[in-house]
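Student: So that we are looking at the same thing, I have put the structure below in structure tokens.
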Amino acid sequence: MPILKMEDVTKVYEGKVTHRALNQLSFEVNKGEFVAVMGPSGSGKTTLLNIISTIDTATSGYVTIDGMRPEEMTKNELALFRRRQLGFVFQDFNLMQMLTVEENMVLPLTLDGHSVAEMQKRLTDISSKLDLQNILNKRPNEISGGQAQRTAIGRALIHQPAFILADEPTGNLDSKASRDVMELLMKVNREQDTTILVVTHDPIAASYCDRVVFIKDGEFFNEIYSDERRQTFFQRILNVLSLLGGNVHDLSTIRLS
Amino acid sequence: MTFRQFAYRNVIRNRRIYAAFFMASMFSVMVFFMYSMLLFHPQMDEGFFGDFAATGMIVAEVILYIFTLFFLFYSMSAFLQARSKEFGLLLLLGMEKKQLNRLVFLETMLIGAFSVATGILFGYAFSKFFFMIVREMLQLQNLPLYLSIKPFALTIGAFVSLFVIIAMTSVVFIREQRIVELMRGYFTSDDRQSYSTFKAILGIVLLVVAYAAATFTSTRVVFTLSIFLPPIAALGTYFFFTHTVLFFHHQVQKRKSLYWNRYRLIAVSEGAVKLRENARMYFIVTIVSTVAFLSVGTLTSLSSYTGQYRDLNPLGLIYSSELDNPLERQHIRLLTSELEEEGLSYSMVPFQIKKQTSSYTQFEVEILREADVNSLAVAQGHPLINLDPGEAMFIPYSENALSILENSSIQTVLEESNVPITVKGVYPRMLFPSMILGANVVVVSDQDYALIVAPLQGKSMNDSRFNFYAFHIPEWERTKSVGLDLDSQMTESIYQNQLNDLPFFFENPGLNYSIIRATFSLLLFTGLMVAAVLLLAAGSFIYFKLYTGLERDKKQFAVLKRMGLTDQEMINIVNRQLIPQFFLPWGIAMLHSAFSFLSLQVIWSDLADVSILFEMALVLVAFTFIQVVYYFLIRWRYIAHVKAS
């Protein structure tokens, strides 16, 4: 059963230079799936993510998320929808600087007016899963990048959303922290059956997913499914990327040994 | 692109940030210039306003100058700090420190030149309007606009030198830091334990002590207190903003049921950061606003003093004359005809006042006749008196005398004419302005009055008696143009120190009243303009701080929006952040002023029985209104910017 369904989604930016960011893009994400979207710079990844995040709307075509049509909802309904059904992980973490780690994590729940007892319960739960118990009272500027991203994942998970959207979650992390974060997302996906969509440049990160969708110039290019061994899946991803003709700097120079 | 063009473009493209202090300094220049226009007015030499008002205006100029200097100092330092990232980049690109200093110097001078030019332009444009207000206040025939180099020279000289000082010194604010640190930008580390509980409580204690002392002050200690209280209150205010506020925030943050509640989580934590970052600024704003409120309030209460004027001056016109004054009849005729010309009804009571020596005190006593006093009492609607021969009554020389002399009873002999009298009690109302006659004035029965025939010992008859004309005029405020000729003769002889050579004395309380009133209203007007500049500057500080934090706030709201913050919740958060920023310093300033006025009231009721409560309330309400308008204006701009993200 698809949780996200995109049909012929086109996005045109009007301006001094009209720019077609997405062109009749169609694909589906099933419930419980862990999907990566890859593509070279300027391929429309960010636009795609903004449309799925419901903070931008498509010029034409249909988007259905969890049976809902964002374009038919009011601004307020959309805000409540995002708050309850979606979780976000960003490249630069976007933690609130003035909040502690635990406060950052409970933020979606406080916005929705949950009781303190319930927030505490979920917080204990999540923080032990993410190994954040010891830094709950620290500020974002006092913790490492990996810890910050784990906090952000905690924030994305705490309200048990239907769908998690991650924008370059490993973009600002070293290789060890990247691996931890991707393994964590994989675990969440397996254990809680949470649907996750990751937009990434990083083929290693993409190799943790069930499926990789490639887009180029706003159009669907290819998709490949994972197999038993992650190394071979990684190689196949690299093959598609070279076929994509993306710029060299889009490719990671590191290979798994 | 030359170096100068670069500096120019920096200013032009940063105009939104520069706008706030451009506005404040321009307004300051404008007011300064208008005052200069008045000070150098050609009619000044004719003395159209008193020395008092002129001094007040010069003081206002000095205050404006000093304040603008401090304001620009502070803004510049904050602004350069906010741009440290940009400076780091320039240094990284290979700019020398010397060049950077030159860049800042050029930018500051550009702003300076621009605000001086526009300030003078607007100042000149509004000068006519300003003169019209002053003319109304001083009730002058005309006060034409004029063109002279002097006010321009003063304003340009003063402010260009001011901007040069700022431009030369502000580069000091770019601290010697490594480029890496500059590049990291203006980011304050958020350590929430940055307050001390001791100082937080000390702040509250100091304020409470100051307020309590101000409330329960008495005449005896008020002057001592007025030396000690301001520093105590200032220190208390400082600790309040730097520690107490954070202390309270922390108390809220410790209670999760309060703190983890919908958007309050963001609002409170964000509020704490904003208040901590800007604590010193709020302190300055509070002190500036308090000074502004106080100065305007004091001036308002001064002008309300004139309301008491009538009680102290119950007569419309006063003319007294020596017996050998050849012009007496002519002067009286002149005055009565001028009163008729003005269409003023009046009643004139002529007295002949006799002087005798009292055996009781050996001082001179001035003696009035019962019939004359009764005629004046009839005119003024006061009770009549009835004295038997040998009886006498004091005429009060001041309000205080009413109670002092009330129960007195003195037996004395008017020595020269050997008339024994018993002076009993005092006439219950003020018939004459205080001290216009001597301090020893009695009224005797008509029979006794007739018995007084001998002159003062060793003096001529001419020195022992004088004629006194009391004019009762119901519409006493309108006598401004009556007896101007006599008044100018009086003024002239005062200037030449020959008052005693003049065979007559003339006083027109209506004219004096209009001068006093005009002077005070001019001072009030001056004070209001200065206060307006101060308030504008205080608002600019807040605007400027908001603007430098805008990029960060925008980004934050963008994230929150994605996470599902509704627009209404965003507005609520903005309100929660802005309201303390606007109204906390201002509220404290209000409290400070209110308590200061409480002690002022003590001094005041001592000087003259004037209650300043109403005037105070009016001033505070007016300032509140301005502040609320300013709040909505800034909120509107801020929300528009944040929403645009």
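Each chain of the structure tokens is named A, B, ... in the order shown, its residues numbered from 1; ligands are numbered from 1 in display order.
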Using only C-alpha atoms, I'd like a table of the residues in chain A that come within 9 Å of chain B; for each, show the closest atom pair and its distance in Å rounded to one decimal, ordered by chain and ascending number, as CSV.
Tutor:
```
residue,atom,partner,partner_atom,distance
A:Ser53,CA,B:Arg562,CA,7.1
A:Thr54,CA,B:Arg562,CA,8.2
A:Ile55,CA,B:Arg562,CA,6.7
A:Lys75,CA,B:Thr566,CA,7.6
A:Asn76,CA,B:Thr566,CA,5.8
A:Glu77,CA,B:Thr566,CA,8.7
A:Leu78,CA,B:Gly564,CA,7.5
A:Ala79,CA,B:Gly564,CA,4.1
A:Leu80,CA,B:Gly564,CA,5.8
A:Phe81,CA,B:Gly564,CA,7.2
A:Arg82,CA,B:Gly564,CA,4.9
A:Arg83,CA,B:Gly564,CA,4.2
A:Arg84,CA,B:Gly564,CA,8.0
A:Leu86,CA,B:Met563,CA,7.7
A:Gly87,CA,B:Met563,CA,7.2
A:Phe88,CA,B:Met563,CA,7.0
A:Asn94,CA,B:Val559,CA,6.9
A:Leu95,CA,B:Gln556,CA,8.7
A:Met96,CA,B:Gln556,CA,7.2
A:Gln97,CA,B:Asp190,CA,7.9
A:Met98,CA,B:Ser269,CA,6.0
A:Leu99,CA,B:Ser269,CA,6.6
A:Glu103,CA,B:Leu265,CA,7.9
A:Val106,CA,B:Trp260,CA,8.3
A:Leu107,CA,B:Leu265,CA,7.6
A:Pro108,CA,B:Met563,CA,7.3
A:Leu109,CA,B:Arg262,CA,7.9
A:Thr110,CA,B:Arg262,CA,4.4
A:Leu111,CA,B:Arg262,CA,4.2
A:Asp112,CA,B:Arg262,CA,6.2
A:Gly113,CA,B:Arg262,CA,5.1
A:His114,CA,B:Asn261,CA,7.9
A:Ser115,CA,B:Ser257,CA,7.9
A:Val116,CA,B:Ser257,CA,6.1
A:Met119,CA,B:Trp260,CA,8.9
A:Arg139,CA,B:Asp190,CA,8.1
A:Asn141,CA,B:Ser189,CA,8.2
A:Ala156,CA,B:Met563,CA,8.9
```
Student: Using N, CA and C atoms, can you export the residues from the last selection as a compact mmCIF listing (two decimals), in the first residue's frame?
Tutor:
```txt
# COMPACT_ATOMS: atom_id res chain seq x y z
N SER A 53 7.11 17.65 1.64
CA SER A 53 6.98 18.25 2.98
C SER A 53 5.76 19.14 3.10
N THR A 54 5.05 19.35 2.02
CA THR A 54 3.85 20.20 1.93
C THR A 54 4.16 21.68 2.18
N ILE A 55 5.43 22.08 2.13
CA ILE A 55 5.65 23.53 2.27
C ILE A 55 5.76 24.19 0.89
N LYS A 75 -3.91 26.01 5.08
CA LYS A 75 -2.57 26.18 5.66
C LYS A 75 -2.49 25.60 7.06
N ASN A 76 -3.55 25.85 7.80
CA ASN A 76 -3.57 25.38 9.18
C ASN A 76 -3.62 23.86 9.26
N GLU A 77 -4.46 23.27 8.42
CA GLU A 77 -4.55 21.81 8.39
C GLU A 77 -3.21 21.21 8.00
N LEU A 78 -2.55 21.87 7.04
CA LEU A 78 -1.24 21.39 6.60
C LEU A 78 -0.24 21.40 7.75
N ALA A 79 -0.28 22.50 8.51
CA ALA A 79 0.65 22.61 9.63
C ALA A 79 0.41 21.47 10.62
N LEU A 80 -0.87 21.22 10.91
CA LEU A 80 -1.19 20.14 11.85
C LEU A 80 -0.81 18.78 11.27
N PHE A 81 -1.00 18.63 9.96
CA PHE A 81 -0.64 17.39 9.28
C PHE A 81 0.87 17.12 9.40
N ARG A 82 1.67 18.18 9.10
CA ARG A 82 3.13 18.03 9.20
C ARG A 82 3.54 17.68 10.62
N ARG A 83 2.89 18.35 11.55
CA ARG A 83 3.24 18.19 12.95
C ARG A 83 3.01 16.76 13.42
N ARG A 84 1.92 16.12 12.90
CA ARG A 84 1.55 14.80 13.42
C ARG A 84 2.04 13.66 12.54
N LEU A 86 4.45 13.84 9.81
CA LEU A 86 5.76 13.89 9.20
C LEU A 86 6.85 14.14 10.23
N GLY A 87 8.04 13.57 9.95
CA GLY A 87 9.20 13.86 10.78
C GLY A 87 10.32 14.31 9.85
N PHE A 88 11.12 15.27 10.32
CA PHE A 88 12.15 15.82 9.43
C PHE A 88 13.55 15.67 10.02
N ASN A 94 19.60 21.60 12.19
CA ASN A 94 18.57 22.57 12.54
C ASN A 94 17.96 22.33 13.91
N LEU A 95 18.83 22.12 14.86
CA LEU A 95 18.34 22.06 16.24
C LEU A 95 18.18 23.49 16.73
N MET A 96 17.24 23.68 17.67
CA MET A 96 17.08 25.01 18.24
C MET A 96 18.23 25.24 19.21
N GLN A 97 19.00 26.30 18.95
CA GLN A 97 20.21 26.53 19.74
C GLN A 97 19.89 26.79 21.21
N MET A 98 18.74 27.37 21.46
CA MET A 98 18.49 27.77 22.85
C MET A 98 17.82 26.65 23.65
N LEU A 99 17.52 25.53 22.98
CA LEU A 99 16.90 24.41 23.70
C LEU A 99 17.94 23.33 23.97
N GLU A 103 14.88 18.97 25.21
CA GLU A 103 13.82 19.90 24.80
C GLU A 103 13.65 19.90 23.28
N VAL A 106 11.53 16.83 22.43
CA VAL A 106 10.10 16.84 22.75
C VAL A 106 9.35 17.95 22.02
N LEU A 107 10.09 18.78 21.30
CA LEU A 107 9.45 19.93 20.65
C LEU A 107 8.17 19.59 19.86
N PRO A 108 8.19 18.54 19.00
CA PRO A 108 6.96 18.25 18.26
C PRO A 108 5.79 17.91 19.18
N LEU A 109 6.10 17.26 20.32
CA LEU A 109 5.03 16.90 21.25
C LEU A 109 4.49 18.12 21.99
N THR A 110 5.40 19.02 22.39
CA THR A 110 4.91 20.21 23.09
C THR A 110 4.05 21.05 22.16
N LEU A 111 4.49 21.15 20.90
CA LEU A 111 3.70 21.94 19.95
C LEU A 111 2.29 21.37 19.86
N ASP A 112 2.19 20.06 20.00
CA ASP A 112 0.89 19.43 19.86
C ASP A 112 0.15 19.33 21.18
N GLY A 113 0.75 19.84 22.24
CA GLY A 113 0.06 19.93 23.52
C GLY A 113 -0.07 18.62 24.27
N HIS A 114 0.95 17.76 24.21
CA HIS A 114 0.88 16.52 24.99
C HIS A 114 1.20 16.80 26.45
N SER A 115 0.86 15.84 27.31
CA SER A 115 1.13 16.04 28.74
C SER A 115 2.61 15.80 29.02
N VAL A 116 3.10 16.43 30.09
CA VAL A 116 4.51 16.32 30.43
C VAL A 116 4.86 14.86 30.72
N MET A 119 5.34 13.00 27.55
CA MET A 119 6.57 13.44 26.88
C MET A 119 7.77 12.78 27.55
N ARG A 139 23.47 21.60 25.49
CA ARG A 139 22.99 22.44 24.40
C ARG A 139 23.54 21.93 23.07
N ASN A 141 25.25 23.27 20.86
CA ASN A 141 26.63 23.66 20.55
C ASN A 141 27.65 22.97 21.44
N ALA A 156 12.56 13.68 15.10
CA ALA A 156 11.72 13.26 13.98
C ALA A 156 10.88 12.04 14.34
```
Student: Neighbouring residues of Ser289 in chain B were defined as those with any atom within 8 Å, considering only C-alpha atoms; residues of the same chain fewer than 4 positions away were excluded. Please report them as a PyMOL selection string.
Tutor: chain B and resi 285+293+531+534-535+538+586+589
Student: Mind writing the picked residues with C-alpha atoms as an mmCIF file, in the first residue's frame?
Tutor:
```
data_model
loop_
_atom_site.group_PDB
_atom_site.id
_atom_site.type_symbol
_atom_site.label_atom_id
_atom_site.label_comp_id
_atom_site.auth_asym_id
_atom_site.auth_seq_id
_atom_site.Cartn_x
_atom_site.Cartn_y
_atom_site.Cartn_z
ATOM 1 C CA VAL B 285 16.813 52.063 27.352
ATOM 2 C CA PHE B 293 9.612 60.654 31.534
ATOM 3 C CA ALA B 531 12.162 63.210 25.154
ATOM 4 C CA LEU B 534 15.353 59.865 23.348
ATOM 5 C CA LEU B 535 12.346 57.613 22.882
ATOM 6 C CA ALA B 538 15.387 53.798 22.503
ATOM 7 C CA TRP B 586 9.538 50.717 29.460
ATOM 8 C CA ALA B 589 11.047 53.080 33.496
#
```
Student: Compare B:Ala210, B:Leu140, B:Met76, B:Ala234 by their minimum atom-to-atom distance to Val291 in chain B, counting only C-alpha atoms, and give me the closest one.
Tutor: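 The answer is B:Ala234, which sits nearest to Val291 in chain B.
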Student: Which residues, written as a tab-separated table (two decimals) with N, CA and C atoms, in the first residue's frame, have at least one atom at most 10 Å from Leu165 in chain A, with only C-alpha atoms counted and residues fewer than 2 positions away on the same chain left out?
Tutor:
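result_16.tsv, freshly written:
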```
chain	number	residue	atom	x	y	z
A	35	VAL	N	13.54	4.43	1.35
A	35	VAL	CA	13.87	4.80	-0.03
A	35	VAL	C	14.88	5.95	-0.04
A	49	LEU	N	11.54	17.31	-2.29
A	49	LEU	CA	11.40	17.18	-0.84
A	49	LEU	C	10.46	18.25	-0.29
A	50	ASN	N	10.58	19.48	-0.81
A	50	ASN	CA	9.70	20.55	-0.34
A	50	ASN	C	8.24	20.25	-0.66
A	52	ILE	N	6.92	17.22	-1.04
A	52	ILE	CA	6.46	16.14	-0.15
A	52	ILE	C	6.26	16.68	1.27
A	53	SER	N	7.11	17.65	1.64
A	53	SER	CA	6.98	18.25	2.98
A	53	SER	C	5.76	19.14	3.10
A	86	LEU	N	4.45	13.84	9.81
A	86	LEU	CA	5.76	13.89	9.20
A	86	LEU	C	6.85	14.14	10.23
A	87	GLY	N	8.04	13.57	9.95
A	87	GLY	CA	9.20	13.86	10.78
A	87	GLY	C	10.32	14.31	9.85
A	88	PHE	N	11.12	15.27	10.32
A	88	PHE	CA	12.15	15.82	9.43
A	88	PHE	C	13.55	15.67	10.02
A	89	VAL	N	14.49	15.31	9.12
A	89	VAL	CA	15.90	15.30	9.49
A	89	VAL	C	16.64	16.14	8.44
A	90	PHE	N	17.46	17.08	8.93
A	90	PHE	CA	18.09	18.01	7.97
A	90	PHE	C	19.59	17.79	7.90
A	156	ALA	N	12.56	13.68	15.10
A	156	ALA	CA	11.72	13.26	13.98
A	156	ALA	C	10.88	12.04	14.34
A	163	PHE	N	5.72	9.08	8.36
A	163	PHE	CA	6.63	9.25	7.24
A	163	PHE	C	7.78	10.17	7.69
A	167	ASP	N	16.82	15.03	4.66
A	167	ASP	CA	17.48	15.79	3.60
A	167	ASP	C	18.98	15.75	3.84
A	168	GLU	N	19.70	14.96	3.07
A	168	GLU	CA	21.16	14.83	3.24
A	168	GLU	C	21.54	14.60	4.70
A	169	PRO	N	21.01	13.58	5.34
A	169	PRO	CA	21.25	13.45	6.79
A	169	PRO	C	22.72	13.22	7.13
A	195	THR	N	8.15	4.48	7.59
A	195	THR	CA	8.54	4.78	6.21
A	195	THR	C	9.56	5.92	6.23
A	196	ILE	N	10.65	5.75	5.50
A	196	ILE	CA	11.67	6.80	5.47
A	196	ILE	C	12.05	7.12	4.03
A	197	LEU	N	12.12	8.42	3.73
A	197	LEU	CA	12.60	8.85	2.43
A	197	LEU	C	13.83	9.72	2.66
A	198	VAL	N	14.96	9.29	2.06
A	198	VAL	CA	16.21	10.01	2.25
A	198	VAL	C	16.63	10.62	0.92
A	199	VAL	N	16.92	11.90	0.93
A	199	VAL	CA	17.50	12.52	-0.26
A	199	VAL	C	18.98	12.65	0.02
```
Student: Excluding Glu102 in chain A and residues on its chain fewer than 5 positions from it, collect all residues at most 9 Å away from it, counting only C-alpha atoms, and give them as a PDB file with C-alpha atoms, in the first residue's frame.
Tutor:
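Result file follows (selection-v3.pdb):
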```
ATOM      1  CA  LEU A 107       9.449  19.934  20.647  1.00  0.00           C
ATOM      2  CA  LEU A 123      11.724  10.740  25.816  1.00  0.00           C
ATOM      3  CA  SER A 127      16.867   8.536  24.212  1.00  0.00           C
ATOM      4  CA  LEU A 132      21.478  10.064  24.185  1.00  0.00           C
ATOM      5  CA  ILE A 135      23.673  14.412  27.093  1.00  0.00           C
ATOM      6  CA  LEU A 136      19.995  15.226  27.565  1.00  0.00           C
ATOM      7  CA  ASN A 137      20.737  18.507  29.326  1.00  0.00           C
ATOM      8  CA  LYS A 138      23.430  19.697  26.951  1.00  0.00           C
ATOM      9  CA  THR A 151      19.017  14.247  18.451  1.00  0.00           C
ATOM     10  CA  ARG A 155      12.959  14.751  17.259  1.00  0.00           C
TER      11      ARG A 155
END
```
Student: Grab the CA of Leu138 in chain B to CA of Phe506 in chain B distance for me, in Å with one decimal place.
Tutor: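 Going from CA of Leu138 in chain B over to CA of Phe506 in chain B, I get 22.1 Å.
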Student: Please measure the separation of CA of Phe27 in chain A and CA of Met73 in chain A, giving the value in Å to one decimal.
Tutor: 21.8 Å
Student: If you run DSSP on the backbone, which residues of range 436-590 of chain B are strand (DSSP E), as a list in words?
Tutor: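 Put together, the selection reads Val441, Val442, Val443, Val444, Arg465, Phe466, Asn467, Phe468, Tyr469, Ala470, Phe471, His472, Phe504, Phe505, Phe506 and Glu507 of chain B.
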Student: Could you tell me how far CA of Leu317 in chain B lies from CA of Ala439 in chain B, in Å and to one decimal?
Tutor: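 Between CA of Leu317 in chain B and CA of Ala439 in chain B the gap is 20.0 Å.
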Student: Which polymer residues have any atom within 12 Å of an atom of Val59 in chain B, counting only C-alpha atoms, with same-chain residues fewer than 6 positions away left out, as a ChimeraX atom specification?
Tutor: /B:32,35-36,39,52-53,65-67,523,526-527,530
Student: With N, CA and C atoms retained, export the selected residues as a PDB file, in the first residue's frame.
Tutor:
```pdb
ATOM      1  N   PHE B  32      17.909  69.692  16.986  1.00  0.00           N
ATOM      2  CA  PHE B  32      19.018  70.565  17.324  1.00  0.00           C
ATOM      3  C   PHE B  32      19.003  71.812  16.442  1.00  0.00           C
ATOM      4  N   TYR B  35      16.149  74.265  17.308  1.00  0.00           N
ATOM      5  CA  TYR B  35      16.476  75.054  18.495  1.00  0.00           C
ATOM      6  C   TYR B  35      17.490  76.146  18.140  1.00  0.00           C
ATOM      7  N   SER B  36      18.483  75.776  17.314  1.00  0.00           N
ATOM      8  CA  SER B  36      19.473  76.781  16.918  1.00  0.00           C
ATOM      9  C   SER B  36      18.808  77.924  16.170  1.00  0.00           C
ATOM     10  N   LEU B  39      17.374  80.096  18.688  1.00  0.00           N
ATOM     11  CA  LEU B  39      18.375  80.797  19.490  1.00  0.00           C
ATOM     12  C   LEU B  39      19.000  81.956  18.734  1.00  0.00           C
ATOM     13  N   PHE B  52      15.389  82.386  31.108  1.00  0.00           N
ATOM     14  CA  PHE B  52      15.141  81.055  31.617  1.00  0.00           C
ATOM     15  C   PHE B  52      14.900  80.083  30.470  1.00  0.00           C
ATOM     16  N   ALA B  53      14.005  80.477  29.561  1.00  0.00           N
ATOM     17  CA  ALA B  53      13.677  79.625  28.429  1.00  0.00           C
ATOM     18  C   ALA B  53      14.886  79.459  27.522  1.00  0.00           C
ATOM     19  N   TYR B  65      23.146  66.699  22.107  1.00  0.00           N
ATOM     20  CA  TYR B  65      24.471  66.424  21.563  1.00  0.00           C
ATOM     21  C   TYR B  65      25.108  65.234  22.276  1.00  0.00           C
ATOM     22  N   ILE B  66      25.119  65.326  23.611  1.00  0.00           N
ATOM     23  CA  ILE B  66      25.764  64.258  24.382  1.00  0.00           C
ATOM     24  C   ILE B  66      25.043  62.938  24.160  1.00  0.00           C
ATOM     25  N   PHE B  67      23.722  63.025  24.176  1.00  0.00           N
ATOM     26  CA  PHE B  67      22.978  61.782  24.015  1.00  0.00           C
ATOM     27  C   PHE B  67      23.236  61.151  22.651  1.00  0.00           C
ATOM     28  N   LEU B 523       9.443  75.655  27.755  1.00  0.00           N
ATOM     29  CA  LEU B 523      10.344  74.666  28.344  1.00  0.00           C
ATOM     30  C   LEU B 523       9.765  73.261  28.187  1.00  0.00           C
ATOM     31  N   THR B 526      10.199  72.154  24.717  1.00  0.00           N
ATOM     32  CA  THR B 526      11.597  71.771  24.524  1.00  0.00           C
ATOM     33  C   THR B 526      11.847  70.377  25.095  1.00  0.00           C
ATOM     34  N   GLY B 527      11.384  70.186  26.323  1.00  0.00           N
ATOM     35  CA  GLY B 527      11.573  68.897  26.974  1.00  0.00           C
ATOM     36  C   GLY B 527      10.914  67.774  26.205  1.00  0.00           C
ATOM     37  N   VAL B 530      12.989  66.809  23.208  1.00  0.00           N
ATOM     38  CA  VAL B 530      14.161  66.026  23.603  1.00  0.00           C
ATOM     39  C   VAL B 530      13.736  64.613  23.980  1.00  0.00           C
TER      40      VAL B 530
END
```
Student: Using only C-alpha atoms, which of the listed residues (B:Tyr469, B:Phe239, B:Phe130, B:Tyr427) sits closest to Arg333 in chain B?
Tutor: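 Distance minimum relative to Arg333 in chain B lands on B:Tyr469.
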Student: Using only C-alpha atoms, determine which residues lie at most 8 Å from Ile204 in chain A, disregarding the query and same-chain residues fewer than 2 positions distant; provide the list as a list in words.
Tutor: Asp202, Ala206, Ser207, Tyr208, Phe234 and Leu256 of chain A
Student: Show which residues sit within 12 Å of range 225-231 of chain A, as a PyMOL selection string. Count only C-alpha atoms, and ignore same-chain residues fewer than 6 positions away.
Tutor: chain A and resi 33-36+203-214+237-238+255-257
